[in-house]
Structure formats: structure tokens, C-alpha cells
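**Q** Input file: model_6.tsv. Contents: TSV, C-alpha atoms and all ligand atoms.
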chain	number	residue	atom	x	y	z
A	5	MET	CA	19.08	-3.71	29.76
A	6	SER	CA	17.88	-4.00	33.37
A	7	ASP	CA	17.64	-0.17	33.50
A	8	LEU	CA	15.44	-0.30	30.44
A	9	ARG	CA	13.21	-2.93	32.05
A	10	ASP	CA	12.97	-0.81	35.23
A	11	ARG	CA	11.93	2.20	33.19
A	12	LEU	CA	9.38	0.03	31.37
A	13	ARG	CA	7.89	-1.06	34.71
A	14	ARG	CA	7.65	2.54	35.90
A	15	LEU	CA	5.96	3.48	32.64
A	16	GLU	CA	3.46	0.64	33.05
A	17	ASP	CA	2.65	1.86	36.57
A	18	SER	CA	1.83	5.33	35.23
A	19	PHE	CA	-1.17	3.98	33.24
A	20	GLY	CA	-4.73	3.86	34.58
A	21	PRO	CA	-8.11	3.02	33.05
A	22	THR	CA	-9.82	5.77	31.03
A	23	PRO	CA	-13.33	6.94	32.03
A	24	VAL	CA	-16.59	5.61	30.57
A	25	VAL	CA	-19.18	8.42	30.71
A	26	PRO	CA	-22.91	8.56	29.79
A	27	VAL	CA	-23.91	10.75	26.81
A	28	ASP	CA	-27.49	11.99	26.45
A	29	ASP	CA	-29.22	10.28	23.49
A	30	ASP	CA	-32.74	9.81	22.09
A	31	HIS	CA	-32.41	6.18	21.04
A	32	VAL	CA	-29.97	4.28	23.22
A	33	ARG	CA	-28.23	4.34	26.58
A	34	LEU	CA	-25.08	5.80	25.13
A	35	PHE	CA	-21.61	5.76	26.68
A	36	ALA	CA	-18.34	7.31	25.54
A	37	LYS	CA	-15.00	5.86	26.54
A	38	LEU	CA	-12.65	8.82	26.82
A	39	GLU	CA	-9.46	7.49	25.32
A	40	PHE	CA	-8.11	11.04	25.18
A	41	GLU	CA	-7.55	10.72	28.94
A	42	ASN	CA	-4.58	8.44	28.24
A	43	PRO	CA	-1.20	9.97	29.25
A	44	ASN	CA	-0.46	11.29	25.73
A	45	GLY	CA	-4.00	12.22	24.83
A	46	SER	CA	-5.12	9.35	22.59
A	47	LEU	CA	-6.05	5.69	22.24
A	48	LYS	CA	-2.70	5.06	20.56
A	49	ASP	CA	-0.96	4.98	23.95
A	50	ARG	CA	-2.33	1.46	24.33
A	51	ALA	CA	-0.80	0.03	21.16
A	52	ALA	CA	2.45	2.01	21.43
A	53	PHE	CA	3.07	0.91	24.99
A	54	TRP	CA	2.31	-2.74	24.32
A	55	ILE	CA	4.44	-2.86	21.17
A	56	LEU	CA	7.41	-1.35	23.03
A	57	LYS	CA	6.88	-3.66	26.01
A	58	THR	CA	6.81	-6.74	23.80
A	59	GLY	CA	9.82	-5.55	21.79
A	60	ILE	CA	11.87	-4.95	24.95
A	61	GLU	CA	10.84	-8.22	26.59
A	62	ARG	CA	11.79	-10.15	23.45
A	63	GLY	CA	15.11	-8.33	23.23
A	64	ASP	CA	14.23	-6.78	19.84
A	65	ILE	CA	14.54	-3.30	21.39
A	66	THR	CA	17.49	-2.23	23.51
A	67	GLU	CA	18.82	1.17	24.62
A	68	ARG	CA	20.80	1.30	21.36
A	69	THR	CA	17.81	0.73	19.10
A	70	THR	CA	16.20	3.43	16.96
A	71	VAL	CA	12.47	2.91	16.47
A	72	VAL	CA	11.15	4.07	13.07
A	73	GLU	CA	7.45	4.22	12.30
A	74	SER	CA	4.93	5.74	9.92
A	75	SER	CA	2.04	7.57	11.59
A	76	SER	CA	-0.28	10.43	10.72
A	77	GLY	CA	-0.10	11.63	14.29
A	78	ASN	CA	-1.32	9.96	17.45
A	79	PHE	CA	0.77	6.81	17.28
A	80	ALA	CA	3.86	8.93	16.65
A	81	VAL	CA	3.07	11.14	19.65
A	82	SER	CA	2.70	8.11	21.92
A	83	MET	CA	5.87	6.52	20.57
A	84	ALA	CA	7.85	9.77	20.88
A	85	SER	CA	6.80	10.21	24.48
A	86	PHE	CA	7.34	6.61	25.59
A	87	CYS	CA	10.63	6.23	23.73
A	88	HIS	CA	11.85	9.42	25.42
A	89	THR	CA	10.88	8.06	28.85
A	90	LEU	CA	12.61	4.76	28.04
A	91	GLY	CA	15.73	6.44	26.64
A	92	ILE	CA	15.28	5.07	23.10
A	93	ARG	CA	15.60	7.09	19.88
A	94	PHE	CA	12.50	7.43	17.70
A	95	VAL	CA	12.17	8.65	14.09
A	96	PRO	CA	8.54	9.35	13.07
A	97	VAL	CA	7.57	9.36	9.38
A	98	ILE	CA	4.68	11.80	8.92
A	99	ASP	CA	2.73	13.48	6.10
A	100	PRO	CA	0.94	16.81	5.47
A	101	ASN	CA	-2.30	15.54	7.13
A	102	CYS	CA	-0.47	15.55	10.46
A	103	ASN	CA	-1.89	18.52	12.39
A	104	ALA	CA	0.37	21.48	13.19
A	105	ALA	CA	0.42	20.94	16.96
A	106	THR	CA	1.40	17.28	16.55
A	107	GLU	CA	4.16	18.07	14.09
A	108	ALA	CA	5.54	20.78	16.39
A	109	TYR	CA	5.54	18.33	19.31
A	110	LEU	CA	7.32	15.64	17.29
A	111	ARG	CA	9.95	18.09	16.07
A	112	ALA	CA	10.55	19.24	19.66
A	113	ARG	CA	10.83	15.69	20.98
A	114	CYS	CA	12.64	13.78	18.22
A	115	GLU	CA	16.08	14.53	16.79
A	116	ARG	CA	14.92	13.43	13.37
A	117	VAL	CA	11.47	13.66	11.76
A	118	GLU	CA	10.87	12.40	8.21
A	119	LYS	CA	8.00	14.14	6.38
A	120	VAL	CA	6.77	12.94	3.00
A	121	THR	CA	4.92	15.36	0.73
A	122	THR	CA	4.15	13.27	-2.35
A	123	ARG	CA	0.80	11.51	-2.60
A	124	ASP	CA	0.76	7.85	-3.60
A	125	ALA	CA	-1.26	6.36	-6.47
A	126	THR	CA	-4.38	6.17	-4.25
A	127	GLY	CA	-4.25	9.91	-3.51
A	128	GLY	CA	-3.15	9.29	0.09
A	129	TYR	CA	0.28	9.29	1.72
A	130	LEU	CA	0.44	5.89	3.39
A	131	ARG	CA	2.39	4.07	0.71
A	132	THR	CA	4.82	6.98	0.37
A	133	ARG	CA	5.31	6.97	4.14
A	134	LEU	CA	5.93	3.23	4.20
A	135	ARG	CA	8.50	3.61	1.44
A	136	ARG	CA	10.26	6.32	3.46
A	137	VAL	CA	10.28	4.03	6.52
A	138	GLN	CA	12.22	1.43	4.53
A	139	GLU	CA	14.63	4.07	3.19
A	140	THR	CA	15.18	5.42	6.72
A	141	ARG	CA	15.77	1.94	8.13
A	142	ARG	CA	18.61	1.46	5.66
A	143	THR	CA	20.38	4.53	7.12
A	144	LEU	CA	20.33	3.19	10.70
A	145	GLU	CA	22.44	0.51	12.33
A	146	ARG	CA	20.10	-0.92	14.99
A	147	CYS	CA	16.57	-0.28	13.98
A	148	TYR	CA	13.13	-1.54	15.01
A	149	TRP	CA	10.08	-1.01	12.80
A	150	PRO	CA	6.92	-1.79	14.81
A	151	ASP	CA	4.81	-2.05	11.61
A	152	GLN	CA	1.66	-0.95	13.38
A	153	TYR	CA	-0.50	-2.19	10.48
A	154	SER	CA	0.25	-5.81	11.27
A	155	ASN	CA	1.80	-5.82	14.76
A	156	THR	CA	-0.43	-7.95	16.97
A	157	GLY	CA	0.76	-5.94	19.99
A	158	ALA	CA	-2.01	-3.46	19.15
A	159	LEU	CA	-4.58	-6.27	19.26
A	160	GLU	CA	-3.18	-7.56	22.56
A	161	ALA	CA	-3.17	-4.08	24.08
A	162	ASN	CA	-6.78	-3.45	23.22
A	163	TYR	CA	-7.83	-6.93	24.29
A	164	ARG	CA	-6.10	-6.76	27.66
A	165	LEU	CA	-6.38	-3.05	28.48
A	166	THR	CA	-9.21	-1.16	26.72
A	167	GLY	CA	-11.48	-4.20	26.33
A	168	ALA	CA	-11.01	-5.38	29.90
A	169	GLU	CA	-11.74	-1.85	31.19
A	170	ILE	CA	-15.05	-1.70	29.29
A	171	VAL	CA	-16.07	-5.09	30.68
A	172	ALA	CA	-15.23	-3.90	34.20
A	173	ALA	CA	-17.12	-0.61	33.75
A	174	LEU	CA	-20.43	-1.91	32.28
A	175	PRO	CA	-22.61	-4.85	33.39
A	176	SER	CA	-23.79	-5.42	29.77
A	177	LEU	CA	-23.33	-3.89	26.34
A	178	ASP	CA	-25.40	-4.30	23.16
A	179	TYR	CA	-23.39	-2.26	20.62
A	180	ALA	CA	-19.80	-1.01	20.33
A	181	PHE	CA	-18.83	1.54	17.66
A	182	VAL	CA	-15.12	1.42	16.86
A	183	GLY	CA	-13.14	3.42	14.28
A	184	VAL	CA	-10.72	1.60	11.99
A	185	GLY	CA	-7.30	2.84	10.93
A	186	THR	CA	-4.77	0.06	11.39
A	187	GLY	CA	-7.52	-2.19	12.80
A	188	GLY	CA	-5.61	-2.89	16.02
A	189	THR	CA	-8.25	-1.31	18.24
A	190	ILE	CA	-11.21	-3.14	16.70
A	191	ALA	CA	-9.34	-6.46	16.51
A	192	GLY	CA	-8.57	-6.48	20.24
A	193	LEU	CA	-11.78	-4.87	21.46
A	194	SER	CA	-14.15	-6.99	19.38
A	195	ARG	CA	-12.57	-10.19	20.66
A	196	ARG	CA	-12.67	-9.14	24.31
A	197	LEU	CA	-16.20	-7.70	24.17
A	198	LYS	CA	-17.69	-10.72	22.39
A	199	GLU	CA	-16.23	-13.00	25.05
A	200	SER	CA	-18.02	-11.16	27.85
A	201	PHE	CA	-21.09	-9.89	25.95
A	202	PRO	CA	-21.83	-12.65	23.40
A	203	GLY	CA	-24.87	-10.85	21.94
A	204	ILE	CA	-23.02	-7.60	21.24
A	205	ARG	CA	-22.91	-6.13	17.71
A	206	VAL	CA	-19.58	-4.57	16.83
A	207	VAL	CA	-19.96	-1.72	14.36
A	208	ALA	CA	-16.82	-0.72	12.47
A	209	VAL	CA	-16.67	2.93	11.44
A	210	ASP	CA	-14.59	3.92	8.43
A	211	ALA	CA	-14.06	7.09	6.40
A	212	ALA	CA	-15.46	7.63	2.90
A	213	GLY	CA	-12.56	7.22	0.49
A	214	SER	CA	-10.86	4.53	2.61
A	215	ALA	CA	-10.01	1.13	1.12
A	216	VAL	CA	-10.48	-0.86	4.35
A	217	PHE	CA	-13.98	-2.15	3.52
A	218	GLY	CA	-13.66	-2.31	-0.24
A	219	GLN	CA	-14.26	1.28	-1.37
A	220	ARG	CA	-12.03	2.81	-4.02
A	221	PRO	CA	-9.38	4.78	-2.10
A	222	ARG	CA	-9.19	8.53	-2.64
A	223	ALA	CA	-7.66	11.55	-0.93
A	224	ARG	CA	-8.92	12.22	2.60
A	225	ARG	CA	-8.06	15.14	4.84
A	226	ILE	CA	-8.86	14.07	8.40
A	227	PRO	CA	-6.28	11.83	10.10
A	228	GLY	CA	-7.23	8.94	12.38
A	229	ILE	CA	-9.55	6.46	10.73
A	230	GLY	CA	-9.46	5.16	7.16
A	231	SER	CA	-6.60	3.67	5.19
A	232	SER	CA	-5.52	3.31	1.58
A	233	ILE	CA	-4.65	-0.36	2.22
A	234	VAL	CA	-6.56	-3.22	3.86
A	235	PRO	CA	-4.60	-3.63	7.10
A	236	PRO	CA	-3.96	-7.28	8.07
A	237	LEU	CA	-5.21	-6.62	11.62
A	238	VAL	CA	-8.73	-5.91	10.35
A	239	ARG	CA	-9.02	-9.57	9.33
A	240	ARG	CA	-8.52	-10.47	13.00
A	241	ALA	CA	-11.60	-8.48	14.09
A	242	PHE	CA	-15.18	-9.70	14.63
A	243	ILE	CA	-17.26	-7.10	12.78
A	244	ASP	CA	-21.05	-7.21	12.39
A	245	ASP	CA	-21.77	-3.93	10.59
A	246	VAL	CA	-19.81	-1.20	8.89
A	247	VAL	CA	-20.73	2.48	8.70
A	248	ILE	CA	-18.87	4.64	6.20
A	249	VAL	CA	-18.78	8.32	7.17
A	250	PRO	CA	-17.98	11.11	4.69
A	251	GLU	CA	-15.60	13.73	6.10
A	252	ARG	CA	-18.25	16.46	6.08
A	253	ARG	CA	-20.34	14.27	8.40
A	254	THR	CA	-17.29	13.79	10.60
A	255	ALA	CA	-17.08	17.55	11.13
A	256	ASP	CA	-20.84	17.73	11.81
A	257	GLY	CA	-20.49	14.84	14.27
A	258	CYS	CA	-17.69	16.60	16.19
A	259	ARG	CA	-19.81	19.70	16.59
A	260	ALA	CA	-22.94	17.72	17.56
A	261	LEU	CA	-20.98	15.75	20.15
A	262	LEU	CA	-19.71	19.00	21.65
A	263	ALA	CA	-23.14	20.67	21.60
A	264	ARG	CA	-25.12	17.77	23.05
A	265	GLY	CA	-22.59	15.70	24.92
A	266	GLY	CA	-20.21	18.46	26.01
A	267	ILE	CA	-17.27	16.43	24.69
A	268	HIS	CA	-14.66	18.32	22.66
A	269	ALA	CA	-13.07	15.49	20.74
A	270	GLY	CA	-11.10	14.85	17.55
A	271	GLY	CA	-12.21	13.84	14.06
A	272	SER	CA	-12.71	10.11	14.54
A	273	SER	CA	-14.93	10.72	17.61
A	274	GLY	CA	-17.15	12.87	15.37
A	275	SER	CA	-17.25	10.05	12.81
A	276	LEU	CA	-18.28	7.56	15.48
A	277	TYR	CA	-20.92	9.86	16.95
A	278	ALA	CA	-22.36	10.50	13.46
A	279	ALA	CA	-22.37	6.74	12.87
A	280	VAL	CA	-24.28	6.11	16.13
A	281	GLN	CA	-26.93	8.69	15.21
A	282	HIS	CA	-27.24	7.33	11.70
A	283	TYR	CA	-27.40	3.70	12.79
A	284	PHE	CA	-30.17	4.06	15.35
A	285	THR	CA	-32.36	6.57	13.51
A	286	ARG	CA	-32.67	4.00	10.70
A	287	ARG	CA	-33.58	1.06	12.95
A	288	SER	CA	-36.72	0.55	14.95
A	289	VAL	CA	-35.50	-0.45	18.37
A	290	THR	CA	-38.20	-2.17	20.39
A	291	GLY	CA	-38.22	-3.18	24.06
A	292	PRO	CA	-35.86	-1.73	26.61
A	293	ARG	CA	-33.35	0.78	25.31
A	294	PRO	CA	-30.18	-0.96	24.20
A	295	SER	CA	-26.80	0.21	25.42
A	296	ALA	CA	-24.10	1.41	23.05
A	297	LEU	CA	-20.54	2.61	23.52
A	298	PHE	CA	-18.21	4.55	21.26
A	299	LEU	CA	-14.59	5.58	21.68
A	300	CYS	CA	-13.39	9.16	21.83
A	301	ALA	CA	-9.91	8.55	20.46
A	302	ASP	CA	-8.35	11.99	20.90
A	303	ARG	CA	-9.08	15.60	21.91
A	304	GLY	CA	-10.58	18.34	19.78
A	305	ALA	CA	-7.86	20.96	20.41
A	306	GLY	CA	-5.59	19.58	17.68
A	307	TYR	CA	-8.42	19.98	15.16
A	308	ALA	CA	-9.16	23.69	15.86
A	309	ASP	CA	-7.89	24.72	12.41
A	310	THR	CA	-9.57	21.83	10.58
A	311	VAL	CA	-12.82	20.11	11.60
A	312	TYR	CA	-13.73	22.91	14.05
A	313	SER	CA	-12.99	25.69	11.52
A	314	ASP	CA	-16.04	26.65	9.40
A	315	ALA	CA	-13.79	28.13	6.72
A	316	TRP	CA	-11.68	24.94	6.47
A	317	VAL	CA	-14.73	22.68	6.40
A	318	ASP	CA	-16.37	24.75	3.64
A	319	GLU	CA	-13.19	24.88	1.60
A	320	PHE	CA	-12.10	21.25	1.88
A	321	LEU	CA	-14.96	18.97	2.84
A	322	GLY	CA	-17.47	19.58	0.09
A	323	THR	CA	-21.18	19.18	0.49
A	324	ASP	CA	-23.40	16.82	2.43
A	325	ASP	CA	-22.93	13.29	1.24
A	326	ASP	CA	-25.00	10.68	3.00
A	327	VAL	CA	-23.51	8.45	5.64
A	328	THR	CA	-23.49	4.96	4.12
A	329	LEU	CA	-24.47	1.97	6.21
A	330	MET	CA	-23.10	-1.37	5.07
A	331	THR	CA	-23.66	-4.73	6.67
A	332	THR	CA	-20.89	-7.26	6.33
A	333	ALA	CA	-20.52	-10.94	7.06
A	334	THR	CA	-18.37	-11.42	10.14
A	335	PRO	CA	-14.81	-11.92	8.92
A	336	VAL	CA	-13.29	-15.20	10.02
A	337	PRO	CA	-10.36	-14.41	12.28
A	338	ALA	CA	-6.99	-15.78	11.31
A	339	GLY	CA	-6.45	-17.05	14.85
B	401	LIG	C1	-7.89	9.54	16.19
B	401	LIG	C2	-7.89	8.09	15.87
B	401	LIG	N1	-9.00	7.37	15.95
B	401	LIG	C3	-9.03	6.07	15.63
B	401	LIG	C4	-7.94	5.42	15.19
B	401	LIG	C5	-8.05	3.97	14.76
B	401	LIG	O1	-7.33	3.10	15.52
B	401	LIG	P1	-6.65	1.80	14.88
B	401	LIG	O2	-5.42	2.27	14.17
B	401	LIG	O3	-6.34	0.94	16.04
B	401	LIG	O4	-7.61	1.16	13.93
B	401	LIG	C6	-6.77	6.13	15.11
B	401	LIG	C7	-5.58	5.51	14.60
B	401	LIG	O5	-4.58	6.13	14.33
B	401	LIG	C8	-6.73	7.49	15.46
B	401	LIG	O6	-5.60	8.21	15.39
Using C-alpha cells, write down the structure from this file.
Ligand SMILES: Cc1ncc(COP(=O)(O)O)c(C=O)c1O

**A**
Amino acid sequence: MSDLRDRLRRLEDSFGPTPVVPVDDDHVRLFAKLEFENPNGSLKDRAAFWILKTGIERGDITERTTVVESSSGNFAVSMASFCHTLGIRFVPVIDPNCNAATEAYLRARCERVEKVTTRDATGGYLRTRLRRVQETRRTLERCYWPDQYSNTGALEANYRLTGAEIVAALPSLDYAFVGVGTGGTIAGLSRRLKESFPGIRVVAVDAAGSAVFGQRPRARRIPGIGSSIVPPLVRRAFIDDVVIVPERRTADGCRALLARGGIHAGGSSGSLYAAVQHYFTRRSVTGPRPSALFLCADRGAGYADTVYSDAWVDEFLGTDDDVTLMTTATPVPAG
């Protein structure tokens, strides 16, 4: 056990803050936080590390534990890498929306990968994946299921790490645009940012066809944000506005962010960038330019055959729906 704790400490030391960079914009002083600069290329390093750390410190995870988790990609990559460094077995449960490079990495790194292929009643794969997690757990003797949809480690990680880094990097902030999948990022960030910047508006960004903010769930093709359930962590977030982005607009946003901002990022970054453009072109902003920040959750390379492929976009993402802007009452946090 002490070896495991030593390895955990060394892993912790290998983390540093990710950069906050300015992005040229007509309406606001815009900043991108480059979460793809994390050691495994995405924002999910934060949650994965914190969940493992907490599990080890509590004694729920030992060298003999097998971690099993459902993820469409980034969380599984982070878990696979960290579990390998810590000497713990990891079984990811993935689905066909997992991009080819991620699946190849997981198969190279993990002895066992579970892939579901049947859609659930909502047209997505989440419920099928969660069912497979339970089936897989029954085949293992010492097993830990992080349950990233309700594990407050993700909230803690984003409160203490990502949120604290933004506060250290910027003297003030008027808007933060945050994508929602499990809700862990927005739950932790919104709490930390509102403590330091009480006037900030937190804008949640979700995918069209996701159930998180009350839409009817339907099949989606781009992994990252959106969910076919309402994740418990979302209720812990302080959210002022919600922008729903159709997948076609996500692809447009990725390309616009590359063309104007020079940032080659993944699908959810395109959603967030599209949401920023949409939000401020529909509001008259008076006085000094406000500041706004959005997260670039992962890199664009893994999306070369999807959101960056004209043929794929034309075949799968349909025509130009509008981005929908919704304003919600701030959910009351559970504590
Ligand atoms: C690319 C990408 N962006 C955003 C998110 C949303 O993060 P969270 O699950 O903390 O809501 C995820 C989650 O998997 C993601 O993979």
C-alpha cells in the first residue's frame, strides 16, 4: 500500500496548471483554457486523478483492485494511463462513438476492453454501457466502480485544480462557458468561480439531443458533452444560462476556432466556441468589453475523421439547425 501511495505522490507531482490564452473576438475579451495540455490530452485528467487519489486514500482502491468504468473516451484514456502508472488494472466500457485512436490506445493499454454495440431506448449507448459495467463487476473479485456521473471527486478536482488555476490566471471574469457531460467540470468550476468572481455568469453548453437540460434524448454522434440521463452532479452546479448546440454547429465551431483562434481542438471546444459567438451576437453589450472564458477540453487530432471531415459532417450531421439559447433558474445545490 505504501508503494501505491508513493506512486500516487509522484503522479500528483507530474501535474501542472494548463495555459489560459487570449483568443481574438469581436464582442468580448475572450480566453481559452487549454485543458488538452493535461498529461493525457484532456480535461478528464482532473477528475480521473482526483477519483483515484480519493479511492486510494480511503482504502477503496489497492494494488489488487480492478477499476471498471463507462466512458466514451477521454475519461477512459486518463484512467487507463493513471491506473497503469499506479499499477492497478483498469477495464474501460466503451461504445461505437469512441474515436478510433482512443479505442486503439485503450486496447494497447488495457488487458480487457468491453465494447457495447446496442443502442439504449434513448438512441444513445450510456444505459447499455452502464449495464455492461454492472455485468463486468460481477465477474471480478476486487472491483472499484468510480461512477463518474455521481462521484463528487470530479467536482472536487475542478474546484481545487481547474477553478483555482483560472482564479490565479485572471484578475476578473464576467462569463465562463462550460460543457456538460457528467456535470463534474461545471459543478466544481461554477462553485469556485462564483466564490472569487461573484458577478460571473456561468453558461452551461449542452448538445442538441441531450437530456441534461430537459430535451428529449436522441442519438448523437460526437462524444464529450451531452448525456441521455440527467447526471446527479449537474444539480450541484450554479448555472445561469444554457446554450444547446446542434452537432452541425459543433463542427462549424471547431473549424471557426481553428481559422480565427489557431486552436485545433475537439468537438466540445467547437460547441463552446459556437455558443460564445451565439451568446454575444444576440446581446447588446454596453460599457467596457466583458471578459469570457471557455474550456478547450481535448485536441482536434482525434476528430480528423469526424468533425474535421467534410464528407463525415455532410453524411451524418444534417443541415443547419439553429443554436438554441435557454435561460434557466440557478439550480439550488444539494450541498
Ligand atoms: C471532450 C469533452 N468535453 C467536455 C466534457 C464534459 O465534462 P464533464 O463530464 O465534467 O461534464 C467531456 C466529458 O467527457 C469531454 O470528454

**Q** Which residues are near ligand LIG 401 (chain B) - at most 9 Å, using only C-alpha atoms and all ligand atoms? Format: as number ranges by chain.

**A** A: 46-48, 51, 75-79, 152-153, 158-159, 162, 182-192, 227-230, 235, 237-238, 270-273, 299-303

**Q** Smallest atom-to-atom distance to Pro96 of chain A: which of A:Leu297, A:Leu262, A:Ala211, A:Met83, using all atoms listed in the file?

**A** A:Met83

**Q** Identify which of the residues A:Asp245, A:Glu107, A:Glu319, A:Glu160 lies closest to Tyr283 of chain A, counting only C-alpha atoms when measuring atom-to-atom distances.

**A**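 Answer, going by the shortest atom-to-atom distance: A:Asp245.
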
**Q** How many Å separate atom CA of Val117 of chain A from atom CA of His268 of chain A?

**A**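 Between atom CA of Val117 of chain A and atom CA of His268 of chain A the gap is 28.7 Å.
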
**Q** So, counting all atoms listed in the file, which residue among A:Pro294, A:Gly266, A:Gly257, A:Gly203 is closest to Val311 of chain A?

**A** A:Gly257

**Q** Given all atoms listed in the file as the basis, pick out the residue of A:Ala255, A:Ile233, A:Ala296, A:Ile267 nearest to Leu321 of chain A.

**A**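 Among the listed residues, the smallest separation from Leu321 of chain A belongs to A:Ala255.
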
**Q** I'd like the neighbourhood of segment 67-71 of chain A as a PyMOL selection string, where a residue qualifies if any of its atoms comes within 12 Å (using only C-alpha atoms), though same-chain residues fewer than 5 positions away should be ignored.

**A** chain A and resi 5-9+11-12+52+55-56+59-60+80+83-84+86-97+114-117+137+140-152

**Q** With only C-alpha atoms as the basis for distance, which of A:Tyr179, A:Asn101, A:Gly167, A:Val327 is at the shortest distance from Phe35 of chain A?

**A** A:Tyr179

**Q** Between A:Thr126, A:Cys258, A:Tyr277, A:Arg225, which is the closest to Phe320 of chain A once you count only C-alpha atoms?

**A**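 Ranked by minimum distance to Phe320 of chain A, first place goes to A:Arg225.
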
**Q** Go ahead and compute the interatomic distance for atom CA of Ala212 of chain A and atom CA of Lys119 of chain A, in Å to one decimal.

**A**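 According to the coordinates, atom CA of Ala212 of chain A and atom CA of Lys119 of chain A are separated by 24.6 Å.
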
**Q** Please return, as a VMD selection string, all polymer residues that have at least one atom within 6 Å of the point (-8.0, 1.5, 4.3); use all atoms listed in the file and the file's own coordinate frame.

**A** chain A and resid 214 to 216 230 to 234

**Q** Adding 5 Å on each side of the box along x, y and z that holds all listed atoms of segment 270-276 of chain A, could you give its centre and edge lengths in Å to one decimal, as JSON?

**A**
{"center_x": -14.7, "center_y": 11.2, "center_z": 15.2, "size_x": 17.2, "size_y": 17.3, "size_z": 14.8}

**Q** What would segment 266-279 of chain A look like if you wrote it out as a PDB file, in the first residue's frame, with N, CA and C atoms included, from the block I just posted?

**A**
ATOM      1  N   GLY A 266      -6.670  29.800 -34.187  1.00  0.00           N
ATOM      2  CA  GLY A 266      -5.484  28.949 -34.367  1.00  0.00           C
ATOM      3  C   GLY A 266      -5.452  27.780 -33.393  1.00  0.00           C
ATOM      4  N   ILE A 267      -6.608  27.409 -32.866  1.00  0.00           N
ATOM      5  CA  ILE A 267      -6.641  26.305 -31.890  1.00  0.00           C
ATOM      6  C   ILE A 267      -7.323  25.102 -32.542  1.00  0.00           C
ATOM      7  N   HIS A 268      -6.595  24.007 -32.633  1.00  0.00           N
ATOM      8  CA  HIS A 268      -7.117  22.778 -33.242  1.00  0.00           C
ATOM      9  C   HIS A 268      -7.614  21.885 -32.107  1.00  0.00           C
ATOM     10  N   ALA A 269      -8.916  21.987 -31.850  1.00  0.00           N
ATOM     11  CA  ALA A 269      -9.447  21.324 -30.652  1.00  0.00           C
ATOM     12  C   ALA A 269     -10.578  20.373 -31.027  1.00  0.00           C
ATOM     13  N   GLY A 270     -11.017  19.593 -30.044  1.00  0.00           N
ATOM     14  CA  GLY A 270     -12.035  18.572 -30.253  1.00  0.00           C
ATOM     15  C   GLY A 270     -13.455  19.122 -30.285  1.00  0.00           C
ATOM     16  N   GLY A 271     -14.416  18.205 -30.415  1.00  0.00           N
ATOM     17  CA  GLY A 271     -15.810  18.578 -30.638  1.00  0.00           C
ATOM     18  C   GLY A 271     -16.379  19.531 -29.608  1.00  0.00           C
ATOM     19  N   SER A 272     -16.192  19.244 -28.324  1.00  0.00           N
ATOM     20  CA  SER A 272     -16.848  20.085 -27.320  1.00  0.00           C
ATOM     21  C   SER A 272     -16.290  21.503 -27.334  1.00  0.00           C
ATOM     22  N   SER A 273     -15.021  21.668 -27.718  1.00  0.00           N
ATOM     23  CA  SER A 273     -14.451  23.029 -27.811  1.00  0.00           C
ATOM     24  C   SER A 273     -15.170  23.804 -28.911  1.00  0.00           C
ATOM     25  N   GLY A 274     -15.497  23.110 -30.017  1.00  0.00           N
ATOM     26  CA  GLY A 274     -16.252  23.739 -31.096  1.00  0.00           C
ATOM     27  C   GLY A 274     -17.645  24.123 -30.623  1.00  0.00           C
ATOM     28  N   SER A 275     -18.265  23.273 -29.812  1.00  0.00           N
ATOM     29  CA  SER A 275     -19.593  23.592 -29.262  1.00  0.00           C
ATOM     30  C   SER A 275     -19.511  24.851 -28.415  1.00  0.00           C
ATOM     31  N   LEU A 276     -18.496  24.911 -27.566  1.00  0.00           N
ATOM     32  CA  LEU A 276     -18.360  26.059 -26.660  1.00  0.00           C
ATOM     33  C   LEU A 276     -18.082  27.343 -27.440  1.00  0.00           C
ATOM     34  N   TYR A 277     -17.223  27.238 -28.447  1.00  0.00           N
ATOM     35  CA  TYR A 277     -16.894  28.424 -29.245  1.00  0.00           C
ATOM     36  C   TYR A 277     -18.139  28.902 -29.999  1.00  0.00           C
ATOM     37  N   ALA A 278     -18.905  27.968 -30.550  1.00  0.00           N
ATOM     38  CA  ALA A 278     -20.161  28.332 -31.238  1.00  0.00           C
ATOM     39  C   ALA A 278     -21.123  28.995 -30.248  1.00  0.00           C
ATOM     40  N   ALA A 279     -21.160  28.467 -29.029  1.00  0.00           N
ATOM     41  CA  ALA A 279     -22.047  29.031 -28.001  1.00  0.00           C
ATOM     42  C   ALA A 279     -21.634  30.457 -27.640  1.00  0.00           C
TER      43      ALA A 279
END
